[in-house]
Structure formats: C-alpha cells, structure tokens
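Colleague: Following this line is final15.pdb, made up of PDB, C-alpha atoms, pLDDT in the B column:
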```pdb
ATOM      1  CA  MET A   1      38.697  25.850  -2.723  1.00 69.00           C
ATOM      2  CA  SER A   2      40.193  24.665  -5.943  1.00 79.00           C
ATOM      3  CA  ASP A   3      40.746  26.911  -8.921  1.00 83.00           C
ATOM      4  CA  GLU A   4      38.285  24.873 -10.967  1.00 82.00           C
ATOM      5  CA  ILE A   5      35.483  25.464  -8.483  1.00 81.00           C
ATOM      6  CA  LYS A   6      36.305  29.188  -8.316  1.00 82.00           C
ATOM      7  CA  GLU A   7      36.188  29.388 -12.127  1.00 85.00           C
ATOM      8  CA  GLU A   8      32.850  27.521 -12.191  1.00 83.00           C
ATOM      9  CA  ILE A   9      31.374  29.877  -9.570  1.00 84.00           C
ATOM     10  CA  LYS A  10      32.635  32.887 -11.531  1.00 85.00           C
ATOM     11  CA  ARG A  11      31.118  31.526 -14.743  1.00 86.00           C
ATOM     12  CA  LEU A  12      27.788  30.805 -13.004  1.00 86.00           C
ATOM     13  CA  ARG A  13      27.683  34.344 -11.539  1.00 87.00           C
ATOM     14  CA  GLU A  14      28.291  35.814 -15.008  1.00 89.00           C
ATOM     15  CA  GLU A  15      25.569  33.594 -16.438  1.00 88.00           C
ATOM     16  CA  ILE A  16      23.153  34.690 -13.685  1.00 87.00           C
ATOM     17  CA  ALA A  17      24.020  38.349 -14.355  1.00 86.00           C
ATOM     18  CA  ASN A  18      23.386  37.842 -18.080  1.00 86.00           C
ATOM     19  CA  LEU A  19      20.062  36.108 -17.378  1.00 85.00           C
ATOM     20  CA  LYS A  20      19.000  38.950 -15.055  1.00 84.00           C
ATOM     21  CA  ALA A  21      19.877  41.517 -17.723  1.00 84.00           C
ATOM     22  CA  GLN A  22      17.961  39.536 -20.331  1.00 84.00           C
ATOM     23  CA  LEU A  23      14.973  39.250 -17.976  1.00 80.00           C
ATOM     24  CA  ARG A  24      14.986  43.026 -17.332  1.00 81.00           C
ATOM     25  CA  THR A  25      15.083  43.658 -21.100  1.00 81.00           C
ATOM     26  CA  GLU A  26      12.154  41.319 -21.708  1.00 76.00           C
ATOM     27  CA  GLU A  27      10.183  42.854 -18.834  1.00 74.00           C
ATOM     28  CA  ASN A  28      10.733  46.323 -20.304  1.00 73.00           C
ATOM     29  CA  GLN A  29       9.569  45.128 -23.700  1.00 70.00           C
ATOM     30  CA  LEU A  30       6.448  43.554 -22.188  1.00 65.00           C
ATOM     31  CA  ARG A  31       5.594  46.775 -20.347  1.00 66.00           C
ATOM     32  CA  ARG A  32       5.675  48.683 -23.641  1.00 65.00           C
ATOM     33  CA  ARG A  33       3.387  46.200 -25.436  1.00 57.00           C
ATOM     34  CA  PRO A  34      -0.381  46.489 -25.241  1.00 57.00           C
ATOM     35  CA  ARG A  35      -1.894  43.837 -23.001  1.00 56.00           C
ATOM     36  CA  GLY A  36      -2.932  40.587 -24.615  1.00 53.00           C
ATOM     37  CA  ILE A  37      -1.641  37.193 -25.571  1.00 51.00           C
ATOM     38  CA  TYR A  38       1.467  37.049 -27.718  1.00 50.00           C
ATOM     39  CA  ILE A  39       2.611  33.951 -29.493  1.00 50.00           C
ATOM     40  CA  ASP A  40       5.907  33.769 -31.318  1.00 53.00           C
ATOM     41  CA  ILE A  41       5.094  31.918 -34.520  1.00 49.00           C
ATOM     42  CA  GLY A  42       8.511  32.350 -36.062  1.00 52.00           C
ATOM     43  CA  ASN A  43       9.277  33.525 -39.556  1.00 52.00           C
ATOM     44  CA  ASN A  44       8.342  30.268 -41.287  1.00 49.00           C
ATOM     45  CA  ILE A  45       4.578  30.599 -41.029  1.00 49.00           C
ATOM     46  CA  ARG A  46       4.147  34.334 -40.459  1.00 51.00           C
ATOM     47  CA  GLY A  47       3.133  34.864 -44.125  1.00 54.00           C
ATOM     48  CA  CYS A  48       0.564  32.093 -43.877  1.00 53.00           C
ATOM     49  CA  VAL A  49      -0.980  33.660 -40.765  1.00 54.00           C
ATOM     50  CA  GLU A  50      -1.022  37.100 -42.399  1.00 61.00           C
ATOM     51  CA  ASP A  51      -2.781  35.626 -45.453  1.00 58.00           C
ATOM     52  CA  THR A  52      -5.325  33.930 -43.206  1.00 59.00           C
ATOM     53  CA  LEU A  53      -5.987  37.114 -41.247  1.00 62.00           C
ATOM     54  CA  GLU A  54      -6.357  39.078 -44.479  1.00 63.00           C
ATOM     55  CA  SER A  55      -8.839  36.501 -45.771  1.00 58.00           C
ATOM     56  CA  VAL A  56     -10.849  36.703 -42.540  1.00 59.00           C
ATOM     57  CA  ALA A  57     -10.893  40.506 -42.755  1.00 63.00           C
ATOM     58  CA  GLU A  58     -12.104  40.335 -46.372  1.00 61.00           C
ATOM     59  CA  ASN A  59     -14.887  37.930 -45.406  1.00 58.00           C
ATOM     60  CA  ILE A  60     -15.989  40.167 -42.535  1.00 61.00           C
ATOM     61  CA  HIS A  61     -15.946  43.176 -44.852  1.00 57.00           C
ATOM     62  CA  GLY A  62     -17.980  41.246 -47.424  1.00 56.00           C
ATOM     63  CA  GLU A  63     -20.506  40.175 -44.806  1.00 57.00           C
ATOM     64  CA  LEU A  64     -20.909  43.729 -43.563  1.00 56.00           C
ATOM     65  CA  GLU A  65     -21.431  44.979 -47.092  1.00 53.00           C
ATOM     66  CA  LYS A  66     -24.051  42.342 -47.758  1.00 52.00           C
ATOM     67  CA  SER A  67     -25.891  42.825 -44.486  1.00 49.00           C
ATOM     68  CA  ILE A  68     -25.852  46.615 -44.560  1.00 50.00           C
ATOM     69  CA  PHE A  69     -25.399  48.010 -48.050  1.00 50.00           C
ATOM     70  CA  ILE A  70     -26.300  45.378 -50.625  1.00 48.00           C
ATOM     71  CA  GLY A  71     -29.838  44.620 -51.670  1.00 49.00           C
ATOM     72  CA  PRO A  72     -31.067  42.219 -54.326  1.00 50.00           C
ATOM     73  CA  GLY A  73     -30.279  44.783 -57.044  1.00 53.00           C
ATOM     74  CA  GLY A  74     -26.783  45.601 -55.790  1.00 52.00           C
ATOM     75  CA  VAL A  75     -25.359  48.491 -53.821  1.00 49.00           C
ATOM     76  CA  ARG A  76     -27.884  51.239 -53.144  1.00 49.00           C
ATOM     77  CA  MET A  77     -26.822  54.605 -51.838  1.00 48.00           C
ATOM     78  CA  PHE A  78     -28.944  57.590 -52.742  1.00 45.00           C
ATOM     79  CA  LYS A  79     -30.207  60.914 -51.490  1.00 46.00           C
ATOM     80  CA  LEU A  80     -33.826  61.917 -51.543  1.00 46.00           C
ATOM     81  CA  LYS A  81     -34.225  64.549 -54.253  1.00 49.00           C
ATOM     82  CA  GLU A  82     -37.783  65.499 -53.409  1.00 50.00           C
ATOM     83  CA  PRO A  83     -39.564  66.050 -50.125  1.00 51.00           C
ATOM     84  CA  PHE A  84     -41.053  62.813 -48.794  1.00 51.00           C
ATOM     85  CA  GLU A  85     -44.671  63.921 -49.320  1.00 55.00           C
ATOM     86  CA  GLU A  86     -44.081  64.506 -53.039  1.00 59.00           C
ATOM     87  CA  MET A  87     -42.169  61.302 -53.766  1.00 64.00           C
ATOM     88  CA  LYS A  88     -43.641  58.988 -56.332  1.00 77.00           C
ATOM     89  CA  ILE A  89     -44.419  55.627 -54.799  1.00 80.00           C
ATOM     90  CA  ASP A  90     -44.473  52.321 -56.623  1.00 85.00           C
ATOM     91  CA  PHE A  91     -47.601  51.056 -54.876  1.00 89.00           C
ATOM     92  CA  ALA A  92     -47.170  47.508 -56.196  1.00 88.00           C
ATOM     93  CA  LYS A  93     -43.635  47.308 -54.733  1.00 87.00           C
ATOM     94  CA  ALA A  94     -44.788  48.915 -51.470  1.00 86.00           C
ATOM     95  CA  ALA A  95     -47.614  46.365 -51.242  1.00 89.00           C
ATOM     96  CA  GLU A  96     -45.146  43.518 -51.887  1.00 88.00           C
ATOM     97  CA  ILE A  97     -42.894  44.736 -49.075  1.00 88.00           C
ATOM     98  CA  MET A  98     -45.789  45.302 -46.690  1.00 89.00           C
ATOM     99  CA  SER A  99     -47.167  41.865 -47.571  1.00 90.00           C
ATOM    100  CA  ALA A 100     -43.796  40.326 -46.752  1.00 90.00           C
ATOM    101  CA  LEU A 101     -43.952  42.059 -43.363  1.00 90.00           C
ATOM    102  CA  GLY A 102     -47.556  41.027 -42.800  1.00 91.00           C
ATOM    103  CA  GLN A 103     -46.676  37.591 -41.442  1.00 92.00           C
ATOM    104  CA  GLU A 104     -45.508  36.993 -37.859  1.00 93.00           C
ATOM    105  CA  HIS A 105     -42.959  34.309 -38.782  1.00 94.00           C
ATOM    106  CA  ARG A 106     -41.294  36.589 -41.331  1.00 94.00           C
ATOM    107  CA  LEU A 107     -40.883  39.314 -38.728  1.00 94.00           C
ATOM    108  CA  ARG A 108     -39.331  36.750 -36.375  1.00 94.00           C
ATOM    109  CA  ILE A 109     -36.934  35.700 -39.159  1.00 95.00           C
ATOM    110  CA  LEU A 110     -35.918  39.332 -39.750  1.00 94.00           C
ATOM    111  CA  LYS A 111     -35.364  39.806 -36.011  1.00 92.00           C
ATOM    112  CA  GLU A 112     -33.108  36.720 -35.898  1.00 93.00           C
ATOM    113  CA  LEU A 113     -31.091  37.907 -38.903  1.00 92.00           C
ATOM    114  CA  ALA A 114     -30.702  41.420 -37.446  1.00 89.00           C
ATOM    115  CA  SER A 115     -28.032  40.070 -35.075  1.00 87.00           C
ATOM    116  CA  GLY A 116     -25.982  38.558 -37.924  1.00 87.00           C
ATOM    117  CA  GLY A 117     -26.066  36.168 -40.846  1.00 89.00           C
ATOM    118  CA  LYS A 118     -27.377  32.684 -40.209  1.00 92.00           C
ATOM    119  CA  TYR A 119     -27.562  29.407 -42.078  1.00 92.00           C
ATOM    120  CA  ILE A 120     -30.986  27.862 -42.556  1.00 92.00           C
ATOM    121  CA  ASN A 121     -30.262  25.131 -39.980  1.00 92.00           C
ATOM    122  CA  GLU A 122     -29.409  27.816 -37.382  1.00 93.00           C
ATOM    123  CA  LEU A 123     -32.707  29.546 -38.126  1.00 93.00           C
ATOM    124  CA  GLN A 124     -34.528  26.214 -37.773  1.00 93.00           C
ATOM    125  CA  GLU A 125     -32.956  25.667 -34.344  1.00 93.00           C
ATOM    126  CA  THR A 126     -33.862  29.146 -33.125  1.00 92.00           C
ATOM    127  CA  LEU A 127     -37.303  29.258 -34.713  1.00 92.00           C
ATOM    128  CA  SER A 128     -38.307  25.678 -33.968  1.00 91.00           C
ATOM    129  CA  GLU A 129     -42.032  26.497 -34.223  1.00 93.00           C
ATOM    130  CA  ILE A 130     -41.584  27.015 -37.991  1.00 91.00           C
ATOM    131  CA  THR A 131     -41.264  23.867 -40.134  1.00 92.00           C
ATOM    132  CA  ALA A 132     -38.360  23.609 -42.572  1.00 91.00           C
ATOM    133  CA  SER A 133     -40.531  23.959 -45.676  1.00 92.00           C
ATOM    134  CA  THR A 134     -42.419  26.936 -44.222  1.00 93.00           C
ATOM    135  CA  LEU A 135     -39.132  28.585 -43.252  1.00 93.00           C
ATOM    136  CA  SER A 136     -37.811  28.185 -46.796  1.00 93.00           C
ATOM    137  CA  SER A 137     -41.028  29.644 -48.177  1.00 94.00           C
ATOM    138  CA  HIS A 138     -40.836  32.663 -45.852  1.00 94.00           C
ATOM    139  CA  LEU A 139     -37.182  33.260 -46.715  1.00 94.00           C
ATOM    140  CA  LYS A 140     -38.070  33.213 -50.416  1.00 94.00           C
ATOM    141  CA  VAL A 141     -40.790  35.853 -49.887  1.00 94.00           C
ATOM    142  CA  LEU A 142     -38.409  38.032 -47.855  1.00 94.00           C
ATOM    143  CA  GLU A 143     -35.714  37.632 -50.507  1.00 93.00           C
ATOM    144  CA  GLU A 144     -38.102  38.576 -53.339  1.00 92.00           C
ATOM    145  CA  ALA A 145     -39.150  41.676 -51.381  1.00 92.00           C
ATOM    146  CA  GLY A 146     -35.466  42.672 -51.022  1.00 91.00           C
ATOM    147  CA  LEU A 147     -35.443  42.381 -47.231  1.00 93.00           C
ATOM    148  CA  VAL A 148     -33.064  39.400 -47.108  1.00 94.00           C
ATOM    149  CA  VAL A 149     -30.222  38.120 -49.313  1.00 92.00           C
ATOM    150  CA  GLN A 150     -28.506  34.761 -49.418  1.00 91.00           C
ATOM    151  CA  GLU A 151     -24.748  34.502 -49.830  1.00 86.00           C
ATOM    152  CA  LYS A 152     -23.913  32.733 -53.055  1.00 83.00           C
ATOM    153  CA  VAL A 153     -20.806  30.962 -51.775  1.00 82.00           C
ATOM    154  CA  ARG A 154     -21.653  30.068 -48.186  1.00 83.00           C
ATOM    155  CA  GLY A 155     -25.458  30.075 -48.328  1.00 85.00           C
ATOM    156  CA  ARG A 156     -26.035  32.154 -45.218  1.00 92.00           C
ATOM    157  CA  TYR A 157     -29.009  34.472 -45.075  1.00 93.00           C
ATOM    158  CA  LEU A 158     -28.385  38.135 -44.277  1.00 92.00           C
ATOM    159  CA  ILE A 159     -30.788  40.965 -43.590  1.00 91.00           C
ATOM    160  CA  THR A 160     -30.428  43.931 -45.977  1.00 89.00           C
ATOM    161  CA  MET A 161     -30.550  47.596 -45.047  1.00 88.00           C
ATOM    162  CA  PRO A 162     -34.158  47.827 -46.322  1.00 88.00           C
ATOM    163  CA  GLY A 163     -34.884  44.728 -44.199  1.00 89.00           C
ATOM    164  CA  ARG A 164     -33.457  46.440 -41.120  1.00 89.00           C
ATOM    165  CA  ALA A 165     -35.467  49.568 -41.868  1.00 87.00           C
ATOM    166  CA  ALA A 166     -38.641  47.516 -42.423  1.00 89.00           C
ATOM    167  CA  LEU A 167     -38.171  45.644 -39.133  1.00 89.00           C
ATOM    168  CA  LYS A 168     -37.587  48.914 -37.289  1.00 88.00           C
ATOM    169  CA  MET A 169     -40.640  50.464 -38.975  1.00 87.00           C
ATOM    170  CA  ALA A 170     -42.826  47.484 -38.038  1.00 88.00           C
ATOM    171  CA  THR A 171     -41.589  47.693 -34.445  1.00 87.00           C
ATOM    172  CA  ARG A 172     -42.195  51.451 -34.212  1.00 85.00           C
ATOM    173  CA  VAL A 173     -45.667  51.270 -35.773  1.00 85.00           C
ATOM    174  CA  THR A 174     -46.602  48.474 -33.347  1.00 86.00           C
ATOM    175  CA  GLN A 175     -45.316  50.481 -30.371  1.00 84.00           C
ATOM    176  CA  PHE A 176     -47.219  53.543 -31.573  1.00 80.00           C
ATOM    177  CA  VAL A 177     -50.501  51.612 -31.931  1.00 82.00           C
ATOM    178  CA  GLU A 178     -50.050  49.853 -28.567  1.00 83.00           C
ATOM    179  CA  ALA A 179     -49.354  53.181 -26.828  1.00 78.00           C
ATOM    180  CA  ARG A 180     -52.428  54.713 -28.460  1.00 76.00           C
ATOM    181  CA  ASP A 181     -54.582  51.745 -27.402  1.00 76.00           C
ATOM    182  CA  GLU A 182     -53.425  52.123 -23.789  1.00 76.00           C
ATOM    183  CA  GLU A 183     -54.627  55.733 -23.622  1.00 67.00           C
TER     184      GLU A 183
END
```
Output the file's structure in the form of structure tokens.
Modeller:
Amino acid sequence: MSDEIKEEIKRLREEIANLKAQLRTEENQLRRRPRGIYIDIGNNIRGCVEDTLESVAENIHGELEKSIFIGPGGVRMFKLKEPFEEMKIDFAKAAEIMSALGQEHRLRILKELASGGKYINELQETLSEITASTLSSHLKVLEEAGLVVQEKVRGRYLITMPGRAALKMATRVTQFVEARDEE
C-alpha cells in the first residue's frame, strides 16, 4: 500500500473519530433539552422572532383581560361590602340585564363566545339560524347590557366576566327549574 493511501486512511479515521465525538456531544445536548421541535434560526432573525412572540403574548394577554376582567366601563374588581340580602339593587339595570338574557338567540351567542372571541362572520357560520341583521341587533343588546364587548382594533366580540356569570346563572336556574319539574 502506498504512503498516500495510508495517509488518506489515517485522515479518514481521524475524521470519523471527530464526527463520532461530535455526534455524542449533540446526542448528550439533545437528551438534556425538553422534548419538542427545535429550529436553528440563526442570529440574524432571532430578534425579529422574539419581537413577534412578544407581540403574540401581549395580544393573548389583552384578549384574556377583555374576556375576563374588562366590562363596558373598564376593569371591575371589587369586594362585596354588605351581605347579599342587604345590597342595594339598581332594578332598572337588573331588568336590562335580565331582558338581554330573556332571548334564546342571545343565550346561544353568549355560549358561543364563552369558548373564545369570535368575529361576526364566525358567529354567523356557527349560528346559521340567526340572520346577519338579527345577530347584529342581539350583539348590540348584549353589549349595552355589559355582557359582551367588541375589540376596537380587530372587531372580535368577547364575553365579559358579567356575561360569563349571567350565562352560568341562566344555566343553573334552568337546571334547577327542570329538576323541580321532574319531581
């Protein structure tokens, strides 16, 4: 065997040994990582991706705030200062809310929005038995009662915390009456 061939074989063996060592290192690193898909995006666009992820997180946070904590008058967080029986009730406002709940289509709209914000066209697809003009009218009533809000920028409709409570109350009252009727 010529010296050139021996040198080439030696070089190839060293290269194979280096590749094996590199493979072992990468395998060890992969074992330490949580499972999932990893994509090396390089340093060039990493800042852009981080900005995008931050923007998505802000939008999700904003949506959660709107759907859970924000009503038509802004953020509402309060403690009851008096026992429930002694609370003063604005009967006109209570009647407005109960009136908003007194229509089957509005309850269906609240139920659809309980799973997340939706655009009006998504509501029309899901609630196809309601015409577009009737749907808009119902959404306006729900919004005026403080049970639904519409995002200013994107236009999606979101159920408010009072809307969630009202839907739950309507469901519980119905279950209570149905159970009583069965007895």
Colleague: Name the residues in contact with stretch 169-177 of chain A at a cut-off of 8 Å, using all atoms listed in the file, excluding same-chain residues fewer than 4 positions from it; report them as a list in words.
Modeller: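 The residues satisfying every condition are Leu101, Ala165 and Asp181 of chain A.
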Colleague: Compare A:Ala94, A:Asn121, A:Glu129, A:Leu139 by their minimum atom-to-atom distance to A:Ile109, counting only C-alpha atoms, and give me the closest one.
Modeller: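 Of A:Ala94, A:Asn121, A:Glu129, A:Leu139, the one nearest A:Ile109 is A:Leu139, counting only C-alpha atoms.
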Colleague: Name the residues in contact with A:Ser136 at a cut-off of 12 Å, using all atoms listed in the file, excluding same-chain residues fewer than 3 positions from it; report them as a short mmCIF file (atom, residue, chain, number, x, y, z; two decimals) with C-alpha atoms, keeping the file's coordinate frame.
Modeller:
```
data_model
loop_
_atom_site.label_atom_id
_atom_site.label_comp_id
_atom_site.auth_asym_id
_atom_site.auth_seq_id
_atom_site.Cartn_x
_atom_site.Cartn_y
_atom_site.Cartn_z
CA HIS A 105 -42.96 34.31 -38.78
CA ARG A 106 -41.29 36.59 -41.33
CA ILE A 109 -36.93 35.70 -39.16
CA TYR A 119 -27.56 29.41 -42.08
CA ILE A 120 -30.99 27.86 -42.56
CA ASN A 121 -30.26 25.13 -39.98
CA LEU A 123 -32.71 29.55 -38.13
CA GLN A 124 -34.53 26.21 -37.77
CA ILE A 130 -41.58 27.02 -37.99
CA THR A 131 -41.26 23.87 -40.13
CA ALA A 132 -38.36 23.61 -42.57
CA SER A 133 -40.53 23.96 -45.68
CA LEU A 139 -37.18 33.26 -46.72
CA LYS A 140 -38.07 33.21 -50.42
CA VAL A 141 -40.79 35.85 -49.89
CA LEU A 142 -38.41 38.03 -47.86
CA GLU A 143 -35.71 37.63 -50.51
CA GLN A 150 -28.51 34.76 -49.42
CA TYR A 157 -29.01 34.47 -45.08
#
```
Colleague: May I ask for the distance between atom CA of A:Lys168 and atom CA of A:Leu147, given in Å to one decimal place?
Modeller: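 Atom CA of A:Lys168 sits 12.1 Å away from atom CA of A:Leu147.
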Colleague: Provide an axis-aligned box for all listed atoms of stretch 165-182 of chain A, padding each side by 4 Å; report its centre and its edge lengths in Å to one decimal, as JSON.
Modeller:
```
{"center_x": -45.0, "center_y": 50.2, "center_z": -33.1, "size_x": 27.1, "size_y": 17.1, "size_z": 26.6}
```
Colleague: One decimal, in Å: what's the spacing between atom CA of A:Ile9 and atom CA of A:Asn28?
Modeller: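 Going from atom CA of A:Ile9 over to atom CA of A:Asn28, I get 28.5 Å.
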